[in-house]
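First comes the structure, then the notes that go with it.
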2 protein chains.
Amino acid sequence: MRISTKGRYALRLLIDIAANSSDKPVSIKDVSEREHISDKYLEQIISILNSAGIVRSVRGPQGGYLLRKKPEDITAGMILRLTEGTISPVPCAEEDGPTCDHMSVCSTYGLWKRLNQAISDVLDTTTIADLVTQKPEAGDEYCI
Amino acid sequence: MRISTKGRYALRLLIDIAANSSDKPVSIKDVSEREHISDKYLEQIISILNSAGIVRSVRGPQGGYLLRKKPEDITAGMILRLTEGTISPVPCAEEDGPTCDHMSVCSTYGLWKRLNQAISDVLDTTTIADLVTQKPEAGDEYCI
DNA sequence: CTCTTTTCCTACTTTGTCAATATGATTTTA
DNA sequence: TAAAATCATATTGACAAAGTAGGAAAAGAG
């Protein structure tokens, strides 16, 4: 039940941009160096966010990316759904998810729905603005 | 962020045993036919549950498996941790999880901890007994 | 005592996804 | 016009998921 590096990097990427954009665009190269993430991989990730309208790009020297929305309007759920494809733990718990071939009684459907809801509740109420300002407590300083 | 078939099958397996064990053991063959799951795959799954002390086995004709615990004492979280390895969305959110190589500031650690907690809350408060008695509403009859 | 039914054990296969890496084209500013 | 950046696509290597396969061992039925 892991969130992939792609999704985690996407969050760190946006947090980094939010934290480091004065008004000039933030380049992938800079993010890559600050966050220790492959720049080529970040390029792939940000292209998803670009075409989804989360960021906008500026080409050429001194170019980079700027947030197209306010940090408080970008939720972790939005970003993870874009990069992970879905955050639902099972297909049938998704909105418009598939139905089963044996449509009889399903004992686990309710569990998956509740699990999906609990996950969405956390991710949809956390924004990039929340994450930018959060610093871990001393002794809790981990990072992935 | 999917729960694999292994984990989902493990739950259905236990629910099926709980629902169909009068006092005689329930055979994998019967579960396989009722649940439409490969019997060979179910064998692998139940061997995990057997060595973990969730079920006990009876060999030979009329053999099969019996729950070793009461259905209300077996949580979904227990079963999924056994079969999935972990239910944490990221390594650093686990109990005794790894620390990061750059132990500086991590903006996302708090999010992962809260997500992990929300997931655990749902899975650790749902038991096999709960699932056995649950029937979906009409119109909600899906199954994976 | 032997046949059948079951669990038990281990290895293999196939398919797909993850996590990048690689290569180069395009745009824009200095 | 050279450099710095984004943009686009293809390829790779490692790993796990989801079974399949084949048989060994135990135990009850006849």
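Residues in the structure tokens are numbered from 1 in each chain, the chains being A, B, ... in the order shown, and ligands are numbered from 1 in the order shown.
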
* To do: For Glu43 (chain A), please output as a list in words all residues within 9 Å (counting only C-alpha atoms (C1' of nucleotides); exclusion window: fewer than 5 positions along the same chain).
  => Ile28, Ser38 and Ile48 of chain A; DT6 and DC7 of chain D

Next, dump the selected residues to file, keeping only N, CA and C atoms (P, O5', C5', C4', C3', O3' and C1' of nucleotides), as a compact mmCIF listing (two decimals), in the first residue's frame.
# COMPACT_ATOMS: atom_id res chain seq x y z
N ILE A 28 13.96 23.37 -12.60
CA ILE A 28 14.06 21.97 -12.17
C ILE A 28 15.46 21.67 -11.65
N SER A 38 16.63 13.15 -9.04
CA SER A 38 17.04 13.18 -10.45
C SER A 38 16.27 14.24 -11.22
N ILE A 48 3.43 16.45 -15.90
CA ILE A 48 2.07 16.06 -15.51
C ILE A 48 1.37 17.23 -14.84
P DT D 6 13.46 24.01 -16.40
O5' DT D 6 12.45 23.87 -17.62
C5' DT D 6 11.56 24.94 -17.91
C4' DT D 6 10.95 24.74 -19.30
C3' DT D 6 9.95 23.60 -19.39
O3' DT D 6 8.85 24.04 -20.19
C1' DT D 6 11.67 23.28 -20.97
P DC D 7 7.57 23.11 -20.37
O5' DC D 7 7.94 22.13 -21.54
C5' DC D 7 7.75 22.56 -22.91
C4' DC D 7 8.08 21.41 -23.83
C3' DC D 7 7.22 20.16 -23.64
O3' DC D 7 6.54 19.91 -24.87
C1' DC D 7 9.53 19.62 -23.85

Can you provide chain B as a short mmCIF file (atom, residue, chain, number, x, y, z; two decimals) with C-alpha atoms, in the first residue's frame, superposed onto chain A by least squares across all C-alpha atoms matched in order?
data_model
loop_
_atom_site.label_atom_id
_atom_site.label_comp_id
_atom_site.auth_asym_id
_atom_site.auth_seq_id
_atom_site.Cartn_x
_atom_site.Cartn_y
_atom_site.Cartn_z
CA MET B 1 -0.02 -0.01 -0.01
CA ARG B 2 2.79 2.35 -0.87
CA ILE B 3 2.65 5.76 -2.39
CA SER B 4 5.31 5.69 -5.10
CA THR B 5 8.32 7.96 -5.28
CA LYS B 6 6.63 9.73 -8.16
CA GLY B 7 3.84 10.96 -5.94
CA ARG B 8 6.12 11.81 -3.05
CA TYR B 9 8.51 13.66 -5.33
CA ALA B 10 5.62 15.59 -6.85
CA LEU B 11 4.68 16.90 -3.42
CA ARG B 12 8.24 17.85 -2.53
CA LEU B 13 8.60 19.49 -5.91
CA LEU B 14 5.60 21.71 -5.36
CA ILE B 15 6.56 22.48 -1.79
CA ASP B 16 10.01 23.47 -2.99
CA ILE B 17 8.59 25.72 -5.69
CA ALA B 18 6.16 27.30 -3.24
CA ALA B 19 8.92 27.90 -0.73
CA ASN B 20 11.44 29.29 -3.22
CA SER B 21 9.47 31.30 -5.72
CA SER B 22 9.82 34.99 -4.96
CA ASP B 23 8.30 35.91 -8.32
CA LYS B 24 10.95 34.44 -10.53
CA PRO B 25 10.34 30.95 -11.85
CA VAL B 26 12.03 28.06 -10.08
CA SER B 27 14.12 25.79 -12.31
CA ILE B 28 14.08 22.00 -12.15
CA LYS B 29 17.86 22.06 -11.82
CA ASP B 30 17.64 24.03 -8.59
CA VAL B 31 14.91 21.81 -7.17
CA SER B 32 16.90 18.73 -8.14
CA GLU B 33 19.93 19.99 -6.23
CA ARG B 34 18.01 21.09 -3.16
CA GLU B 35 15.90 17.94 -2.96
CA HIS B 36 18.46 15.43 -4.22
CA ILE B 37 16.12 14.04 -6.85
CA SER B 38 17.06 13.17 -10.45
CA ASP B 39 16.38 16.21 -12.62
CA LYS B 40 15.27 14.06 -15.53
CA TYR B 41 12.74 12.30 -13.35
CA LEU B 42 11.49 15.62 -12.00
CA GLU B 43 11.00 16.81 -15.57
CA GLN B 44 8.62 13.95 -16.22
CA ILE B 45 6.74 14.63 -13.05
CA ILE B 46 6.35 18.35 -13.55
CA SER B 47 5.10 17.82 -17.08
CA ILE B 48 2.09 16.08 -15.53
CA LEU B 49 1.53 19.00 -13.19
CA ASN B 50 2.02 21.46 -16.03
CA SER B 51 -0.57 19.94 -18.33
CA ALA B 52 -2.95 19.63 -15.39
CA GLY B 53 -2.66 23.38 -14.80
CA ILE B 54 -1.03 23.17 -11.38
CA VAL B 55 2.08 25.03 -12.54
CA ARG B 56 3.00 27.07 -15.57
CA SER B 57 6.35 27.01 -17.32
CA VAL B 58 8.74 29.74 -18.48
CA ARG B 59 11.29 28.65 -21.07
CA GLY B 60 14.81 29.83 -21.65
CA PRO B 61 17.49 31.18 -19.30
CA GLN B 62 16.14 32.20 -15.90
CA GLY B 63 13.12 30.11 -16.79
CA GLY B 64 11.46 27.48 -14.71
CA TYR B 65 8.08 26.92 -13.15
CA LEU B 66 5.60 28.98 -11.19
CA LEU B 67 2.52 27.84 -9.32
CA ARG B 68 -0.60 28.60 -11.27
CA LYS B 69 -2.77 28.23 -8.18
CA LYS B 70 -2.34 29.48 -4.66
CA PRO B 71 -0.56 26.99 -2.36
CA GLU B 72 -3.64 26.86 -0.16
CA ASP B 73 -5.73 25.78 -3.16
CA ILE B 74 -3.52 22.82 -4.06
CA THR B 75 -4.29 19.74 -1.99
CA ALA B 76 -2.13 16.67 -1.54
CA GLY B 77 -5.03 14.63 -2.84
CA MET B 78 -5.07 16.53 -6.14
CA ILE B 79 -1.37 15.97 -6.68
CA LEU B 80 -1.36 12.32 -5.70
CA ARG B 81 -4.37 11.53 -7.87
CA LEU B 82 -2.57 13.12 -10.81
CA THR B 83 0.72 11.33 -10.29
CA GLU B 84 -0.44 8.01 -8.85
CA GLY B 85 -3.48 7.67 -11.07
CA THR B 86 -5.69 6.93 -8.09
CA ILE B 87 -5.42 6.86 -4.34
CA SER B 88 -8.15 4.29 -3.82
CA PRO B 89 -6.98 1.10 -2.08
CA VAL B 90 -9.14 -1.11 -4.30
CA PRO B 91 -10.78 -0.50 -7.69
CA CYS B 92 -14.36 -0.90 -6.50
CA ALA B 93 -13.99 1.84 -3.87
CA GLU B 94 -13.35 4.49 -6.51
CA GLU B 95 -15.87 6.93 -7.87
CA ASP B 96 -17.40 5.18 -10.89
CA GLY B 97 -15.27 2.16 -10.10
CA PRO B 98 -15.80 -1.19 -11.78
CA THR B 99 -18.48 -3.61 -10.75
CA CYS B 100 -17.75 -7.20 -9.94
CA ASP B 101 -18.40 -10.20 -12.12
CA HIS B 102 -20.15 -11.98 -9.31
CA MET B 103 -22.43 -9.27 -8.07
CA SER B 104 -23.69 -11.25 -5.15
CA VAL B 105 -22.88 -10.44 -1.56
CA CYS B 106 -19.62 -8.64 -0.85
CA SER B 107 -18.54 -8.50 2.77
CA THR B 108 -15.56 -6.27 2.19
CA TYR B 109 -17.03 -3.51 0.06
CA GLY B 110 -18.01 -1.44 3.09
CA LEU B 111 -14.54 -1.71 4.56
CA TRP B 112 -12.90 -0.48 1.36
CA LYS B 113 -15.31 2.40 1.11
CA ARG B 114 -14.55 3.49 4.65
CA LEU B 115 -10.82 3.10 4.09
CA ASN B 116 -11.00 5.12 0.91
CA GLN B 117 -12.91 7.83 2.71
CA ALA B 118 -10.40 8.00 5.56
CA ILE B 119 -7.52 8.35 3.11
CA SER B 120 -9.29 11.01 1.08
CA ASP B 121 -10.20 12.93 4.21
CA VAL B 122 -6.55 13.33 5.16
CA LEU B 123 -5.21 14.05 1.69
CA ASP B 124 -7.95 16.43 0.59
CA THR B 125 -7.68 18.59 3.67
CA THR B 126 -3.92 19.08 3.46
CA THR B 127 -2.64 21.77 1.14
CA ILE B 128 0.77 22.76 -0.16
CA ALA B 129 0.48 25.84 2.03
CA ASP B 130 0.11 23.61 5.08
CA LEU B 131 3.13 21.56 4.10
CA VAL B 132 5.39 24.52 3.35
CA THR B 133 5.01 25.87 6.85
CA GLN B 134 5.41 22.54 8.58
CA LYS B 135 8.73 21.80 10.17
CA PRO B 136 9.18 18.54 12.04
CA GLU B 137 9.79 18.53 15.75
CA ALA B 138 13.33 17.94 16.89
CA GLY B 139 13.85 14.21 17.03
CA ASP B 140 11.27 13.72 14.31
CA GLU B 141 13.50 14.89 11.51
CA TYR B 142 13.05 12.20 8.91
CA CYS B 143 12.59 12.49 5.24
CA ILE B 144 11.68 10.29 2.32
#

* To do: Could you list the residues in chain D lying within 9 Å of chain B, using only C-alpha atoms (C1' of nucleotides), and format the result as a ChimeraX atom specification?
  => /D:17-20,26-29

* **Contact residues (chain C, partner chain B, 6 Å, only C-alpha atoms (C1' of nucleotides)) as a list in words** =>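 Selected residues: DT5, DT6 and DT7 of chain C.
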
* Asked: Please, which residues of chain B, numbered as in this document, come out helix (DSSP H, G or I) from DSSP, as a PyMOL selection string?
  -> chain B and resi 5-20+28-35+39-51+71-73+76-84+91-93+109-124+128-133

From a DSSP pass on the backbone, collect the residues of chain B flagged as strand (DSSP E or B) and hand them back as a PDB file with C-alpha atoms, in the first residue's frame.
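What ended up in result-v5.pdb:
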ATOM      1  CA  VAL B  26     -13.341 -25.692   5.994  1.00  0.00           C
ATOM      2  CA  VAL B  55      -6.008 -20.462  11.754  1.00  0.00           C
ATOM      3  CA  ARG B  56      -5.116 -24.049  12.505  1.00  0.00           C
ATOM      4  CA  SER B  57      -5.064 -26.865   9.992  1.00  0.00           C
ATOM      5  CA  VAL B  58      -6.527 -30.377   9.973  1.00  0.00           C
ATOM      6  CA  GLY B  64      -9.295 -28.061   6.267  1.00  0.00           C
ATOM      7  CA  TYR B  65      -8.870 -25.005   8.424  1.00  0.00           C
ATOM      8  CA  LEU B  66     -10.457 -23.624  11.557  1.00  0.00           C
ATOM      9  CA  LEU B  67     -10.087 -20.194  13.084  1.00  0.00           C
ATOM     10  CA  THR B  75      -8.803  -7.383  12.733  1.00  0.00           C
ATOM     11  CA  THR B 127     -12.887  -7.350  12.637  1.00  0.00           C
TER      12      THR B 127
END

* Might you pull out every residue within 9 Å of region 10-15 of chain D, with only C-alpha atoms (C1' of nucleotides) counted and same-chain residues fewer than 4 positions away left off, and present them as a count of residues only? => 6

* Asked: Neighbours of DA11 (chain C) within 12 Å (only C-alpha atoms (C1' of nucleotides); same-chain residues fewer than 4 positions away dropped), as a VMD selection string?
  -> chain D and resid 20 to 23

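The gap separating C1' of DC1 (chain C) from C1' of DA24 (chain D) is 19.6 Å, in Å to one decimal.
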
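Here C1' of DA8 (chain D) and C1' of DT15 (chain C) stand 27.0 Å from one another.
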
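One distance worth recording is that between C1' of DA2 (chain D) and C1' of DT26 (chain C), which is 14.9 Å.
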